[in-house]
>>> print(open('upload-v4.txt').read())   # compact mmCIF, C-alpha atoms and all ligand atoms
# COMPACT_ATOMS: atom_id res chain seq x y z
CA MET A 1 0.00 0.00 0.00
CA ARG A 2 1.31 3.45 -0.88
CA CYS A 3 1.49 6.11 1.84
CA ARG A 4 -0.89 8.49 0.06
CA LYS A 5 -3.51 5.76 -0.19
CA ALA A 6 -2.90 4.72 3.43
CA GLN A 7 -3.48 8.28 4.63
CA MET A 8 -6.71 8.52 2.65
CA PHE A 9 -7.81 5.27 4.31
CA ILE A 10 -7.00 6.68 7.77
CA SER A 11 -9.39 9.54 7.05
CA ARG A 12 -12.02 7.14 5.72
CA GLN A 13 -11.64 4.96 8.81
CA LEU A 14 -12.35 7.95 11.07
CA ASP A 15 -15.71 8.23 9.33
CA GLY A 16 -16.41 4.53 9.81
CA ARG A 17 -16.32 3.92 6.07
CA LEU A 18 -13.37 1.57 5.80
CA ASP A 19 -14.15 -2.10 5.27
CA GLU A 20 -12.58 -4.65 7.58
CA GLU A 21 -10.28 -6.17 4.98
CA THR A 22 -8.74 -2.82 4.01
CA GLY A 23 -8.53 -1.99 7.70
CA VAL A 24 -6.22 -4.98 8.21
CA VAL A 25 -4.02 -3.94 5.27
CA LEU A 26 -3.89 -0.41 6.67
CA ALA A 27 -2.93 -1.63 10.15
CA THR A 28 -0.09 -3.65 8.61
CA HIS A 29 1.14 -0.56 6.76
CA LEU A 30 0.98 1.55 9.92
CA CYS A 31 3.14 -0.99 11.77
CA ALA A 32 5.82 -0.70 9.12
CA CYS A 33 5.60 3.01 8.20
CA ALA A 34 6.53 5.57 10.86
CA ASP A 35 5.40 8.52 8.73
CA CYS A 36 1.89 7.19 8.27
CA ALA A 37 1.68 6.10 11.92
CA ARG A 38 2.57 9.65 12.93
CA PHE A 39 0.02 11.03 10.47
CA ALA A 40 -2.65 8.72 11.90
CA ALA A 41 -1.95 9.82 15.47
CA LEU A 42 -1.98 13.50 14.50
CA VAL A 43 -5.17 13.30 12.49
CA ARG A 44 -7.05 11.24 15.09
CA GLU A 45 -6.04 13.58 17.90
CA SER A 46 -6.95 16.76 16.03
CA TRP A 47 -10.31 15.25 15.01
CA ARG A 48 -10.99 14.40 18.64
CA ARG A 49 -9.97 17.89 19.79
CA LEU A 50 -12.21 19.48 17.21
CA ALA A 51 -15.29 18.15 18.99
CA ALA A 52 -13.92 18.16 22.55
CA ASP A 53 -12.40 21.64 22.55
CA ALA A 54 -14.62 23.49 20.11
CA PRO A 55 -15.84 26.76 21.60
CA ALA A 56 -19.42 26.67 22.81
CA VAL A 57 -21.98 28.37 20.61
CA GLY A 58 -24.06 30.96 22.43
CA THR A 59 -27.82 31.36 22.29
CA THR A 60 -29.27 31.84 18.83
CA PRO A 61 -30.58 35.40 18.57
CA ASP A 62 -34.28 35.69 17.79
CA VAL A 63 -34.52 37.09 14.28
CA PHE A 64 -38.02 35.80 13.48
CA ALA A 65 -39.62 39.24 13.25
CA GLY A 66 -37.03 40.27 10.66
CA ILE A 67 -37.63 37.07 8.69
CA VAL A 68 -41.39 37.67 8.55
CA GLU A 69 -40.82 41.27 7.57
CA ARG A 70 -38.40 40.34 4.78
CA ALA A 71 -40.29 37.28 3.58
CA THR A 72 -43.47 39.32 3.29
CA ARG A 73 -41.98 42.29 1.49
CA ALA A 74 -39.43 40.22 -0.43
CA SER A 75 -41.59 39.89 -3.46
CA PRO A 76 -45.01 41.49 -3.69
CA LEU A 77 -45.38 39.77 -7.08
CA ALA A 78 -44.60 36.38 -5.54
CA ALA A 79 -47.03 37.09 -2.69
CA TRP A 80 -49.69 38.12 -5.18
CA LEU A 81 -49.11 35.00 -7.29
CA GLY A 82 -49.18 32.84 -4.15
CA GLU A 83 -52.49 34.34 -3.12
CA LEU A 84 -53.88 33.86 -6.64
CA TRP A 85 -52.77 30.25 -6.51
CA ARG A 86 -54.34 29.69 -3.11
CA LEU A 87 -57.69 31.17 -4.07
CA SER A 88 -57.78 29.78 -7.58
CA PRO A 89 -60.77 27.45 -8.19
CA SER A 90 -58.94 25.67 -11.04
CA ARG A 91 -55.21 25.36 -10.34
CA ALA A 92 -54.53 23.74 -13.71
CA ALA A 93 -56.00 26.73 -15.54
CA THR A 94 -54.14 29.16 -13.28
CA ALA A 95 -50.89 27.28 -13.87
CA GLY A 96 -51.46 27.57 -17.63
CA VAL A 97 -52.06 31.30 -17.43
CA LEU A 98 -49.04 31.85 -15.17
CA ALA A 99 -46.82 29.73 -17.45
CA SER A 100 -47.88 31.79 -20.48
CA VAL A 101 -47.27 35.07 -18.66
CA THR A 102 -43.85 33.79 -17.51
CA ALA A 103 -42.91 32.65 -21.01
CA ILE A 104 -43.80 36.04 -22.48
CA GLY A 105 -41.92 37.79 -19.67
CA VAL A 106 -38.80 35.67 -20.13
CA THR A 107 -38.81 36.21 -23.91
CA LEU A 108 -39.20 39.97 -23.53
CA GLY A 109 -36.61 40.02 -20.76
CA THR A 110 -34.11 38.17 -22.94
CA LEU A 111 -34.67 40.53 -25.86
CA VAL A 112 -34.40 43.64 -23.71
CA GLY A 113 -31.44 42.21 -21.78
CA ALA A 114 -29.58 41.45 -25.00
CA ARG A 115 -30.21 44.96 -26.27
CA LEU A 116 -29.06 46.60 -23.06
CA ASP A 117 -25.96 44.44 -23.19
CA ALA A 118 -25.79 44.45 -19.40
CA PRO A 119 -22.73 42.77 -17.87
CA PRO A 120 -23.79 39.39 -16.53
CA THR A 121 -23.47 38.80 -12.81
CA ALA A 122 -21.13 35.88 -12.22
CA PRO A 123 -23.02 32.94 -10.77
CA VAL A 124 -21.37 31.16 -7.91
CA LEU A 125 -20.49 27.81 -9.36
CA LEU A 126 -20.36 25.41 -6.49
CA GLU A 127 -18.70 22.71 -8.57
CA ALA A 128 -16.11 25.18 -9.81
CA GLN A 129 -15.22 26.11 -6.25
CA ALA A 130 -14.96 22.45 -5.30
CA LEU A 131 -12.53 21.96 -8.15
CA ALA A 132 -10.51 24.96 -7.06
CA ASP A 133 -10.43 23.56 -3.53
CA SER A 134 -9.20 20.23 -4.78
CA PHE A 135 -6.20 22.05 -6.21
CA ALA A 136 -5.87 24.44 -3.29
CA ASP A 137 -2.71 22.80 -2.04
CA LEU A 138 -0.87 23.38 -5.29
CA PRO A 139 1.76 26.12 -5.15
CA LEU A 140 0.46 29.44 -6.43
CA GLY A 141 1.60 30.21 -9.92
CA THR A 142 1.52 26.65 -11.20
CA PRO A 143 -0.56 26.40 -14.35
CA LEU A 144 -3.02 23.96 -12.77
CA ALA A 145 -3.50 26.11 -9.66
CA ASP A 146 -4.04 29.18 -11.86
CA PHE A 147 -6.52 27.29 -13.94
CA ALA A 148 -8.43 26.05 -10.91
CA ALA A 149 -8.46 29.49 -9.30
CA SER A 150 -9.58 31.28 -12.44
CA PHE A 151 -12.21 28.64 -13.01
CA ALA A 152 -13.74 29.48 -9.65
CA GLY A 153 -13.47 33.19 -10.31
CA ARG A 154 -10.81 33.77 -7.67
CA ARG A 155 -7.09 33.42 -7.41
CA GLY A 156 -5.39 31.47 -4.69
CA SER A 157 -6.99 30.16 -1.58
CA PRO A 158 -7.50 31.60 1.92
CA MET B 1 -28.00 14.34 11.63
CA ILE B 2 -27.42 14.74 15.35
CA GLY B 3 -30.52 15.45 17.47
CA GLU B 4 -32.99 16.08 14.69
CA PRO B 5 -36.07 17.97 15.99
CA ASP B 6 -39.21 15.92 16.48
CA VAL B 7 -41.50 17.87 14.15
CA ASP B 8 -43.37 16.94 10.99
CA ALA B 9 -41.30 19.19 8.74
CA ALA B 10 -43.10 18.10 5.56
CA ALA B 11 -46.50 19.07 6.95
CA LEU B 12 -45.12 22.34 8.29
CA MET B 13 -43.53 23.15 4.92
CA ALA B 14 -46.83 22.52 3.16
CA ARG B 15 -48.50 25.00 5.51
CA ALA B 16 -45.54 27.38 5.22
CA ALA B 17 -45.96 27.38 1.45
CA ASP B 18 -49.48 28.74 1.97
CA GLY B 19 -48.05 31.57 4.05
CA ASP B 20 -49.10 30.12 7.42
CA ARG B 21 -47.14 32.19 9.96
CA GLY B 22 -47.69 29.60 12.68
CA ALA B 23 -45.88 27.02 10.53
CA TRP B 24 -43.11 29.54 9.81
CA ARG B 25 -42.66 30.09 13.53
CA GLU B 26 -42.62 26.35 14.32
CA LEU B 27 -40.06 25.62 11.62
CA TYR B 28 -37.97 28.55 12.73
CA LEU B 29 -37.96 27.48 16.40
CA ALA B 30 -37.18 23.87 15.50
CA TYR B 31 -34.27 24.56 13.15
CA ARG B 32 -32.84 28.00 13.97
CA ASP B 33 -30.08 26.57 16.18
CA TYR B 34 -28.77 24.32 13.38
CA VAL B 35 -28.67 27.21 10.96
CA PHE B 36 -27.13 29.69 13.37
CA ARG B 37 -24.40 27.47 14.76
CA THR B 38 -23.41 26.16 11.33
CA ALA B 39 -23.13 29.72 10.03
CA LEU B 40 -21.31 30.84 13.17
CA ARG B 41 -18.76 28.05 12.94
CA PHE B 42 -18.32 28.72 9.26
CA LEU B 43 -18.06 32.52 9.37
CA GLY B 44 -16.79 33.05 12.92
CA SER B 45 -18.98 36.11 13.40
CA GLU B 46 -22.15 36.22 15.49
CA ALA B 47 -23.58 39.19 13.58
CA GLN B 48 -22.98 37.55 10.21
CA ALA B 49 -24.38 34.25 11.44
CA ALA B 50 -27.56 36.06 12.53
CA ASP B 51 -27.81 37.63 9.06
CA ILE B 52 -27.33 34.25 7.41
CA THR B 53 -30.00 32.75 9.67
CA GLN B 54 -32.42 35.41 8.47
CA ASP B 55 -31.43 34.86 4.83
CA VAL B 56 -31.87 31.09 5.12
CA PHE B 57 -35.37 31.25 6.56
CA VAL B 58 -36.49 33.96 4.15
CA ALA B 59 -35.27 31.74 1.30
CA LEU B 60 -36.80 28.66 2.91
CA PHE B 61 -40.26 30.19 3.24
CA GLY B 62 -39.95 31.77 -0.19
CA ARG B 63 -39.19 28.38 -1.72
CA ALA B 64 -41.42 26.26 0.49
CA ARG B 65 -43.37 25.20 -2.58
CA GLN B 66 -40.24 23.70 -4.14
CA TYR B 67 -39.73 21.35 -1.22
CA LYS B 68 -40.62 17.76 -2.09
CA PRO B 69 -41.43 15.68 0.98
CA GLN B 70 -39.57 12.71 -0.58
CA ALA B 71 -36.29 14.44 0.30
CA ARG B 72 -35.34 14.75 3.96
CA PHE B 73 -36.09 18.22 5.20
CA THR B 74 -32.68 18.63 6.82
CA THR B 75 -31.00 17.86 3.50
CA PHE B 76 -33.05 20.62 1.88
CA LEU B 77 -32.29 22.95 4.80
CA PHE B 78 -28.53 22.32 4.83
CA ARG B 79 -28.43 22.87 1.10
CA VAL B 80 -29.81 26.36 1.60
CA VAL B 81 -27.45 26.95 4.54
CA ALA B 82 -24.41 25.74 2.58
CA ASN B 83 -25.29 27.94 -0.36
CA ARG B 84 -25.74 31.02 1.79
CA CYS B 85 -22.51 30.42 3.72
CA LEU B 86 -20.43 29.88 0.60
CA ASN B 87 -21.96 32.88 -1.15
CA GLU B 88 -21.41 35.06 1.91
CA ARG B 89 -17.77 34.00 2.11
CA ALA B 90 -17.24 34.58 -1.59
CA ARG B 91 -18.86 38.01 -1.35
CA ALA B 92 -17.10 39.09 1.83
CA HIS B 93 -13.79 37.40 1.05
CA THR B 94 -11.76 40.55 1.19
CA ARG B 95 -13.29 42.13 4.27
CA LEU B 96 -13.03 39.13 6.57
CA HIS B 97 -9.97 38.77 8.71
CA ASP B 98 -9.31 36.23 11.38
CA ASP B 99 -8.00 38.82 13.82
CA ASP B 100 -11.07 41.06 13.62
CA ALA B 101 -11.81 41.82 17.27
CA SER B 102 -15.56 42.05 16.70
CA LYS B 103 -15.74 38.47 15.55
CA HIS B 104 -16.00 35.13 17.26
CA ASP B 105 -17.77 36.70 20.22
CA ALA B 106 -20.17 33.85 20.87
CA LEU B 107 -17.68 31.19 19.86
CA ALA B 108 -15.01 32.56 22.15
CA ARG B 109 -17.33 32.87 25.12
CA LEU B 110 -16.49 30.25 27.69
CA SER B 111 -17.84 30.19 31.19
CA ALA B 112 -15.71 28.77 33.95
CA GLY B 113 -17.27 25.82 35.76
CA PRO B 114 -17.88 26.27 39.50
CA SER B 115 -15.01 23.95 40.46
CA GLU B 116 -12.63 25.07 37.71
CA ASN B 117 -9.47 26.92 38.73
CA PRO B 118 -8.34 29.96 36.69
CA GLU B 119 -5.42 28.06 35.14
CA ALA B 120 -7.60 25.24 33.86
CA HIS B 121 -10.05 27.79 32.53
CA LEU B 122 -7.28 29.62 30.71
CA ARG B 123 -5.98 26.37 29.19
CA ARG B 124 -9.48 25.49 28.02
CA ALA B 125 -9.96 28.96 26.53
CA GLU B 126 -6.61 28.73 24.72
CA SER B 127 -7.43 25.32 23.32
CA ALA B 128 -10.85 26.53 22.17
CA ALA B 129 -9.23 29.51 20.49
CA ALA B 130 -6.73 27.24 18.72
CA VAL B 131 -9.55 24.99 17.46
CA ARG B 132 -11.50 28.03 16.27
CA ARG B 133 -8.47 29.40 14.42
CA ALA B 134 -7.77 26.01 12.86
CA ILE B 135 -11.35 25.70 11.57
CA LEU B 136 -11.22 29.18 10.09
CA ALA B 137 -7.86 28.42 8.45
CA LEU B 138 -9.41 25.72 6.26
CA THR B 139 -10.63 26.59 2.78
CA GLU B 140 -14.36 27.36 2.65
CA TRP B 141 -15.19 24.00 1.13
CA GLN B 142 -13.08 22.02 3.57
CA ARG B 143 -14.50 23.99 6.48
CA LEU B 144 -18.09 23.42 5.49
CA ALA B 145 -17.50 19.69 4.99
CA VAL B 146 -15.84 19.48 8.43
CA ILE B 147 -18.65 21.41 10.16
CA LEU B 148 -21.37 19.29 8.58
CA SER B 149 -19.50 16.08 9.34
CA ARG B 150 -17.99 16.69 12.76
CA PHE B 151 -20.55 18.97 14.37
CA GLU B 152 -23.79 18.05 12.62
CA GLY B 153 -23.10 14.36 12.05
CA LEU B 154 -24.09 14.36 8.38
CA SER B 155 -23.06 11.38 6.24
CA TYR B 156 -20.89 11.79 3.11
CA GLU B 157 -24.04 11.44 1.03
CA GLU B 158 -25.90 14.13 2.98
CA ILE B 159 -22.90 16.49 2.82
CA ALA B 160 -22.61 15.87 -0.92
CA LEU B 161 -26.28 16.78 -1.37
CA ALA B 162 -25.97 19.88 0.82
CA MET B 163 -22.88 21.09 -1.04
CA SER B 164 -24.13 20.04 -4.49
CA THR B 165 -21.09 17.90 -5.08
CA SER B 166 -20.07 14.24 -5.25
CA VAL B 167 -19.36 11.81 -2.44
CA GLY B 168 -15.81 11.47 -3.79
CA THR B 169 -15.26 15.22 -3.46
CA VAL B 170 -16.58 15.16 0.11
CA GLU B 171 -14.14 12.40 1.00
CA SER B 172 -11.29 14.32 -0.59
CA LEU B 173 -12.28 17.55 1.20
CA LEU B 174 -12.39 15.80 4.58
CA PHE B 175 -9.03 14.14 3.95
CA ARG B 176 -7.35 17.45 3.07
CA ALA B 177 -9.06 19.20 5.97
CA ARG B 178 -7.84 16.56 8.43
CA ARG B 179 -4.32 16.77 7.11
CA LYS B 180 -4.34 20.54 7.62
CA LEU B 181 -6.01 20.33 11.05
CA GLY B 182 -3.37 17.80 12.09
CA GLU B 183 -0.65 20.29 11.21
CA LEU B 184 -2.42 23.24 12.85
CA LEU B 185 -3.37 21.49 16.08
CA ARG B 186 -0.19 19.48 16.64
ZN ZN C 1 3.20 5.07 4.83
>>> encode(input="upload-v4.txt", output="structure tokens", more="lines below")
Ligand SMILES: [Zn+2]
Amino acid sequence: MRCRKAQMFISRQLDGRLDEETGVVLATHLCACADCARFAALVRESWRRLAADAPAVGTTPDVFAGIVERATRASPLAAWLGELWRLSPSRAATAGVLASVTAIGVTLGTLVGARLDAPPTAPVLLEAQALADSFADLPLGTPLADFAASFAGRRGSP
Amino acid sequence: MIGEPDVDAAALMARAADGDRGAWRELYLAYRDYVFRTALRFLGSEAQAADITQDVFVALFGRARQYKPQARFTTFLFRVVANRCLNERARAHTRLHDDDASKHDALARLSAGPSENPEAHLRRAESAAAVRRAILALTEWQRLAVILSRFEGLSYEEIALAMSTSVGTVESLLFRARRKLGELLR
């Protein structure tokens, strides 16, 4: 077993996701490899400390009034549509009307948007950030690290 | 998930979708602590965590109709939480600093036990501060995976769903996070 693989298995074992057979192979490796044995001890201890020594979280502040206020004023259109939906005698018909209105709106919006040539707001691509994180340990300036960082819309890693 | 509230979240969400304030309140009371502490551990700031808590519930009630009872409610909830936390971090990336004195207030607060001597209390406070710094030193993705795994007890599959990623990525994130935590907390 290679050290890199062994260390991955140590992490997997901490999550209770290592099968028994691989566990035996890992234990054999740890007996023979001082580096991995040290890694295992370090990782297990820090994982334990994370839960044991984590600072206590105080009382959650009550922000319900603000939520109601924001949720209610967030979108008068959405509230109006919701009310229409609730009171509608035939939801199928209402859905048809709403879908048509939405389709017309989207088409017009696209046309107007294209004409205004507004700069698009960059969406946060969760997958892109995961990729960047996977390469986060690479030295800055390497082509792969640059690629990963630019792909996620940011350079480097905190 | 650790200590999931004993409420019928699906029924409450159905009522919440119809604008039922009573259902909003019940959902809020049942799940606010999960949202707040996850955001607090992730961002390290009580004020920002309170903002995120508001954002999450506003989004939750706004999208109550999209919730399908087939999916576990907590999976749906943590997805919204994860999104908000990651977006907040991306947005505020430049203005957040670990040494900001106004941060970590609730996280840093430790009360001495009645029988605890001042030295033991100081040691505990120092250790807590080291753990807090170590968590905040992880990349956003690693940190979120660690918080959901270690503090909320989510499985790889649940974390993958919350973070819109694969189980393999979750495993890799946790491995890298542990390696870094091992170095930082040695
Ligand atoms: Zn080895």
>>> residues_near_point(input="upload-v4.txt", point="(-20.5, 13.1, 3.5)", cutoff="12 Å", atoms="all atoms listed in the file", output="ChimeraX atom specification")
/A:12,15-17 /B:1,75,142,144-150,152-175
>>> residues_near_ligand(input="upload-v4.txt", ligand="ligand ZN 1 (chain C)", cutoff="6 Å", atoms="only C-alpha atoms and all ligand atoms", output="number ranges by chain")
A: 3, 33, 35-36
>>> closest_atom_pairs(input="upload-v4.txt", of="chain A", to="chain B", cutoff="6 Å", atoms="only C-alpha atoms", output="Markdown table")
| residue | atom | partner | partner_atom | distance |
| --- | --- | --- | --- | --- |
| A:Ser11 | CA | B:Phe175 | CA | 5.6 |
| A:Leu42 | CA | B:Gly182 | CA | 5.1 |
| A:Val43 | CA | B:Gly182 | CA | 4.9 |
| A:Ser46 | CA | B:Gly182 | CA | 5.4 |
| A:Asp53 | CA | B:Ala128 | CA | 5.1 |
| A:Ala54 | CA | B:Ala128 | CA | 5.3 |
| A:Pro55 | CA | B:Ala128 | CA | 5.0 |
| A:Ala56 | CA | B:Leu107 | CA | 5.7 |
| A:Val57 | CA | B:Leu107 | CA | 5.2 |
| A:Gly58 | CA | B:Ala106 | CA | 5.1 |
| A:Thr60 | CA | B:Asp33 | CA | 6.0 |
| A:Ile67 | CA | B:Gln54 | CA | 5.5 |
| A:Ala71 | CA | B:Val58 | CA | 5.1 |
| A:Pro158 | CA | B:Thr139 | CA | 6.0 |
>>> atom_distance(input="upload-v4.txt", atom1="CA of Asp8 in chain B", atom2="CA of Val81 in chain B")
19.9 Å
>>> closest_residue(input="upload-v4.txt", among="A:Leu14, A:Ile104, A:Ala32, A:Ala65", to="Glu45 in chain A", atoms="only C-alpha atoms")
A:Leu14
>>> atom_distance(input="upload-v4.txt", atom1="CA of Cys85 in chain B", atom2="CA of Phe73 in chain B")
18.3 Å
>>> residues_around(input="upload-v4.txt", residues="Arg72 in chain B", least_positions_apart="4", cutoff="9 Å", atoms="all atoms listed in the file", output="PyMOL selection string")
chain B and resi 9-10+68+76-77
